[in-house]
Amino acid sequence: MSQTHVFAPVEGRALPLSEVPDPVFSQGMVGYGAAVDPPHQVIYAVAPVGGTILKLLPHAYVIMTPDNVGVLVHLGLDTVQLNGEGFTAHVAQGDTVEAGQPVITYDVPAIVAAGMSPVVPVVVMDEREPGNIALTEEVRNGSQIDCCAHLFTASK
């Protein structure tokens, strides 16, 4: 069984996915993981794992690890409607990244001003077993977490 340590792509208050105000994420429809409610400032969203940028959208990215674990970072909720406003990419689809490497500049105040939630879900794509995700104490307690701090461990 392999384990993938997933790190926080942004700083903020760590949350279990069940507290994300969007049923697609809170009910694990995309996969399981955790989320971070970021500070209301312009921040870097970084790679939560090392690997290849499998998919890069203005508001979201998927990184495939060498062990074939796909990790989705979704910057805000319903932010696809912004057509890229508030986001600046620093990598390209197909690039190899290291955990902690900046991927997108995230203008959180612009997202909040547009009336959207800035919460950042981080999920293991297509993970159907919530028991395969071991949340850190910070996530379980809703504590503040630093960017690049351990968020959860995925087992497969």
# chains A, B, ... in the order shown; residues from 1 in each chain; ligands from 1
call {"tool": "residues_around", "arguments": {"residues": "Ala149 of chain A", "least_positions_apart": "6", "cutoff": "12 Å", "atoms": "only C-alpha atoms", "output": "list in words"}}
result
His5, Val6, Phe7, Ala8, Pro9, Val10, Glu11, Gly12, Arg13, Ala14, Val36, Val46, Ala47, Pro48, Val49, Ala99, Gly100, Thr136, Glu137, Glu138, Val139 and Ser143 of chain A
call {"tool": "select_by_dssp", "arguments": {"residues": "chain A", "states": "alpha helix (DSSP H)", "output": "NGL selection string"}}
result
:A and (23-26 or 108-113 or 137-141)
call {"tool": "write_last_selection", "arguments": {"atoms": "N, CA and C atoms", "output": "PDB file, in the first residue's frame"}}
result
ATOM      1  N   PRO A  23     -22.089  20.865  -2.358  1.00  0.00           N
ATOM      2  CA  PRO A  23     -22.303  19.421  -2.237  1.00  0.00           C
ATOM      3  C   PRO A  23     -21.376  18.573  -3.102  1.00  0.00           C
ATOM      4  N   VAL A  24     -20.894  19.100  -4.218  1.00  0.00           N
ATOM      5  CA  VAL A  24     -19.990  18.327  -5.065  1.00  0.00           C
ATOM      6  C   VAL A  24     -18.738  17.953  -4.268  1.00  0.00           C
ATOM      7  N   PHE A  25     -18.255  18.879  -3.445  1.00  0.00           N
ATOM      8  CA  PHE A  25     -17.075  18.603  -2.628  1.00  0.00           C
ATOM      9  C   PHE A  25     -17.446  18.003  -1.279  1.00  0.00           C
ATOM     10  N   SER A  26     -18.440  18.565  -0.595  1.00  0.00           N
ATOM     11  CA  SER A  26     -18.760  18.120   0.764  1.00  0.00           C
ATOM     12  C   SER A  26     -19.243  16.679   0.809  1.00  0.00           C
ATOM     13  N   VAL A 108      -7.697  36.412  -3.729  1.00  0.00           N
ATOM     14  CA  VAL A 108      -8.830  36.080  -2.868  1.00  0.00           C
ATOM     15  C   VAL A 108      -9.793  37.267  -2.715  1.00  0.00           C
ATOM     16  N   PRO A 109      -9.312  38.527  -2.509  1.00  0.00           N
ATOM     17  CA  PRO A 109     -10.263  39.637  -2.391  1.00  0.00           C
ATOM     18  C   PRO A 109     -11.164  39.792  -3.628  1.00  0.00           C
ATOM     19  N   ALA A 110     -10.641  39.521  -4.810  1.00  0.00           N
ATOM     20  CA  ALA A 110     -11.457  39.625  -6.026  1.00  0.00           C
ATOM     21  C   ALA A 110     -12.553  38.564  -6.035  1.00  0.00           C
ATOM     22  N   ILE A 111     -12.253  37.380  -5.535  1.00  0.00           N
ATOM     23  CA  ILE A 111     -13.233  36.294  -5.480  1.00  0.00           C
ATOM     24  C   ILE A 111     -14.330  36.653  -4.486  1.00  0.00           C
ATOM     25  N   VAL A 112     -13.940  37.152  -3.330  1.00  0.00           N
ATOM     26  CA  VAL A 112     -14.903  37.551  -2.300  1.00  0.00           C
ATOM     27  C   VAL A 112     -15.763  38.714  -2.812  1.00  0.00           C
ATOM     28  N   ALA A 113     -15.131  39.685  -3.492  1.00  0.00           N
ATOM     29  CA  ALA A 113     -15.873  40.833  -4.041  1.00  0.00           C
ATOM     30  C   ALA A 113     -16.902  40.388  -5.082  1.00  0.00           C
ATOM     31  N   GLU A 137      -4.663  16.485  12.461  1.00  0.00           N
ATOM     32  CA  GLU A 137      -5.394  17.046  13.606  1.00  0.00           C
ATOM     33  C   GLU A 137      -5.862  18.466  13.297  1.00  0.00           C
ATOM     34  N   GLU A 138      -5.055  19.240  12.563  1.00  0.00           N
ATOM     35  CA  GLU A 138      -5.434  20.614  12.214  1.00  0.00           C
ATOM     36  C   GLU A 138      -6.722  20.642  11.390  1.00  0.00           C
ATOM     37  N   VAL A 139      -6.863  19.696  10.474  1.00  0.00           N
ATOM     38  CA  VAL A 139      -8.090  19.635   9.667  1.00  0.00           C
ATOM     39  C   VAL A 139      -9.266  19.232  10.551  1.00  0.00           C
ATOM     40  N   ARG A 140      -9.081  18.197  11.346  1.00  0.00           N
ATOM     41  CA  ARG A 140     -10.177  17.718  12.212  1.00  0.00           C
ATOM     42  C   ARG A 140     -10.637  18.793  13.182  1.00  0.00           C
ATOM     43  N   ASN A 141      -9.707  19.657  13.636  1.00  0.00           N
ATOM     44  CA  ASN A 141     -10.042  20.696  14.617  1.00  0.00           C
ATOM     45  C   ASN A 141     -10.387  22.041  13.997  1.00  0.00           C
TER      46      ASN A 141
END
call {"tool": "residues_around", "arguments": {"residues": "Gly28 of chain A", "least_positions_apart": "5", "cutoff": "12 Å", "atoms": "only C-alpha atoms", "output": "list in words"}}
result
Pro16, Leu17, Ser18, Glu19, Val20, Asp22, Pro23, Gly33, Ala34, Ala35, Pro121, Val122, Val123, Val124, Met125, Asp126, Glu127, Arg128, Glu129, Pro130, Gly131 and Ile133 of chain A
call {"tool": "write_last_selection", "arguments": {"atoms": "C-alpha atoms", "output": "short mmCIF file (atom, residue, chain, number, x, y, z; two decimals), in the first residue's frame"}}
result
data_model
loop_
_atom_site.label_atom_id
_atom_site.label_comp_id
_atom_site.auth_asym_id
_atom_site.auth_seq_id
_atom_site.Cartn_x
_atom_site.Cartn_y
_atom_site.Cartn_z
CA PRO A 16 -12.89 18.77 6.62
CA LEU A 17 -14.59 18.52 3.20
CA SER A 18 -17.94 18.02 4.96
CA GLU A 19 -17.80 21.73 5.91
CA VAL A 20 -17.31 22.98 2.33
CA ASP A 22 -20.76 22.92 -2.04
CA PRO A 23 -22.30 19.42 -2.24
CA GLY A 33 -9.55 15.13 0.99
CA ALA A 34 -9.75 18.39 2.93
CA ALA A 35 -10.08 22.13 2.33
CA PRO A 121 -10.91 22.08 -1.66
CA VAL A 122 -7.99 19.66 -2.11
CA VAL A 123 -9.10 16.17 -3.11
CA VAL A 124 -7.71 12.91 -4.36
CA MET A 125 -9.48 12.47 -7.69
CA ASP A 126 -11.87 9.55 -7.92
CA GLU A 127 -11.15 8.39 -4.36
CA ARG A 128 -14.36 6.60 -3.34
CA GLU A 129 -13.29 5.42 0.12
CA PRO A 130 -13.20 8.21 2.72
CA GLY A 131 -11.29 5.82 5.01
CA ILE A 133 -7.81 9.65 3.60
#
call {"tool": "residues_around", "arguments": {"residues": "Gln93 of chain A", "least_positions_apart": "4", "cutoff": "6 Å", "atoms": "only C-alpha atoms", "output": "PyMOL selection string"}}
result
chain A and resi 53+55-56
call {"tool": "write_last_selection", "arguments": {"atoms": "N, CA, C and O atoms", "output": "compact mmCIF listing (two decimals), in the first residue's frame"}}
result
# COMPACT_ATOMS: atom_id res chain seq x y z
N ILE A 53 1.68 18.42 -13.94
CA ILE A 53 0.42 19.16 -14.06
C ILE A 53 -0.41 18.47 -15.15
O ILE A 53 -0.15 18.63 -16.34
N LYS A 55 -3.81 18.72 -15.50
CA LYS A 55 -4.83 19.65 -15.99
C LYS A 55 -4.59 20.99 -15.34
O LYS A 55 -4.36 21.06 -14.13
N LEU A 56 -4.65 22.06 -16.14
CA LEU A 56 -4.46 23.41 -15.60
C LEU A 56 -5.56 24.30 -16.17
O LEU A 56 -5.65 24.51 -17.38
call {"tool": "atom_distance", "arguments": {"atom1": "atom CA of Gln3 of chain A", "atom2": "atom CA of Gly51 of chain A"}}
result
14.5 Å
call {"tool": "residues_around", "arguments": {"residues": "Pro58 of chain A", "least_positions_apart": "3", "cutoff": "10 Å", "atoms": "only C-alpha atoms", "output": "PyMOL selection string"}}
result
chain A and resi 61+74-75+79-80+82-89+104-106
call {"tool": "select_by_dssp", "arguments": {"residues": "chain A", "states": "strand (DSSP E)", "output": "VMD selection string"}}
result
chain A and resid 3 to 7 12 to 16 31 to 37 42 to 46 51 to 57 60 to 64 70 to 74 87 to 89 96 to 97 102 to 107 120 to 125 133 to 135 144 to 145 150 to 155
call {"tool": "closest_residue", "arguments": {"among": "A:Gly115, A:Leu72, A:Leu15, A:Ser155", "to": "Pro38 of chain A", "atoms": "only C-alpha atoms"}}
result
A:Leu15
call {"tool": "closest_residue", "arguments": {"among": "A:Ala60, A:Met29, A:Ala134, A:Val103", "to": "Ile43 of chain A", "atoms": "only C-alpha atoms"}}
result
A:Val103
call {"tool": "closest_residue", "arguments": {"among": "A:Gly50, A:Pro118, A:Gly142, A:Pro66", "to": "Asp78 of chain A", "atoms": "only C-alpha atoms"}}
result
A:Pro118
call {"tool": "atom_distance", "arguments": {"atom1": "atom CA of Ala92 of chain A", "atom2": "atom CA of His59 of chain A"}}
result
13.4 Å
call {"tool": "atom_distance", "arguments": {"atom1": "atom CA of Leu135 of chain A", "atom2": "atom CA of Ala154 of chain A"}}
result
8.8 Å
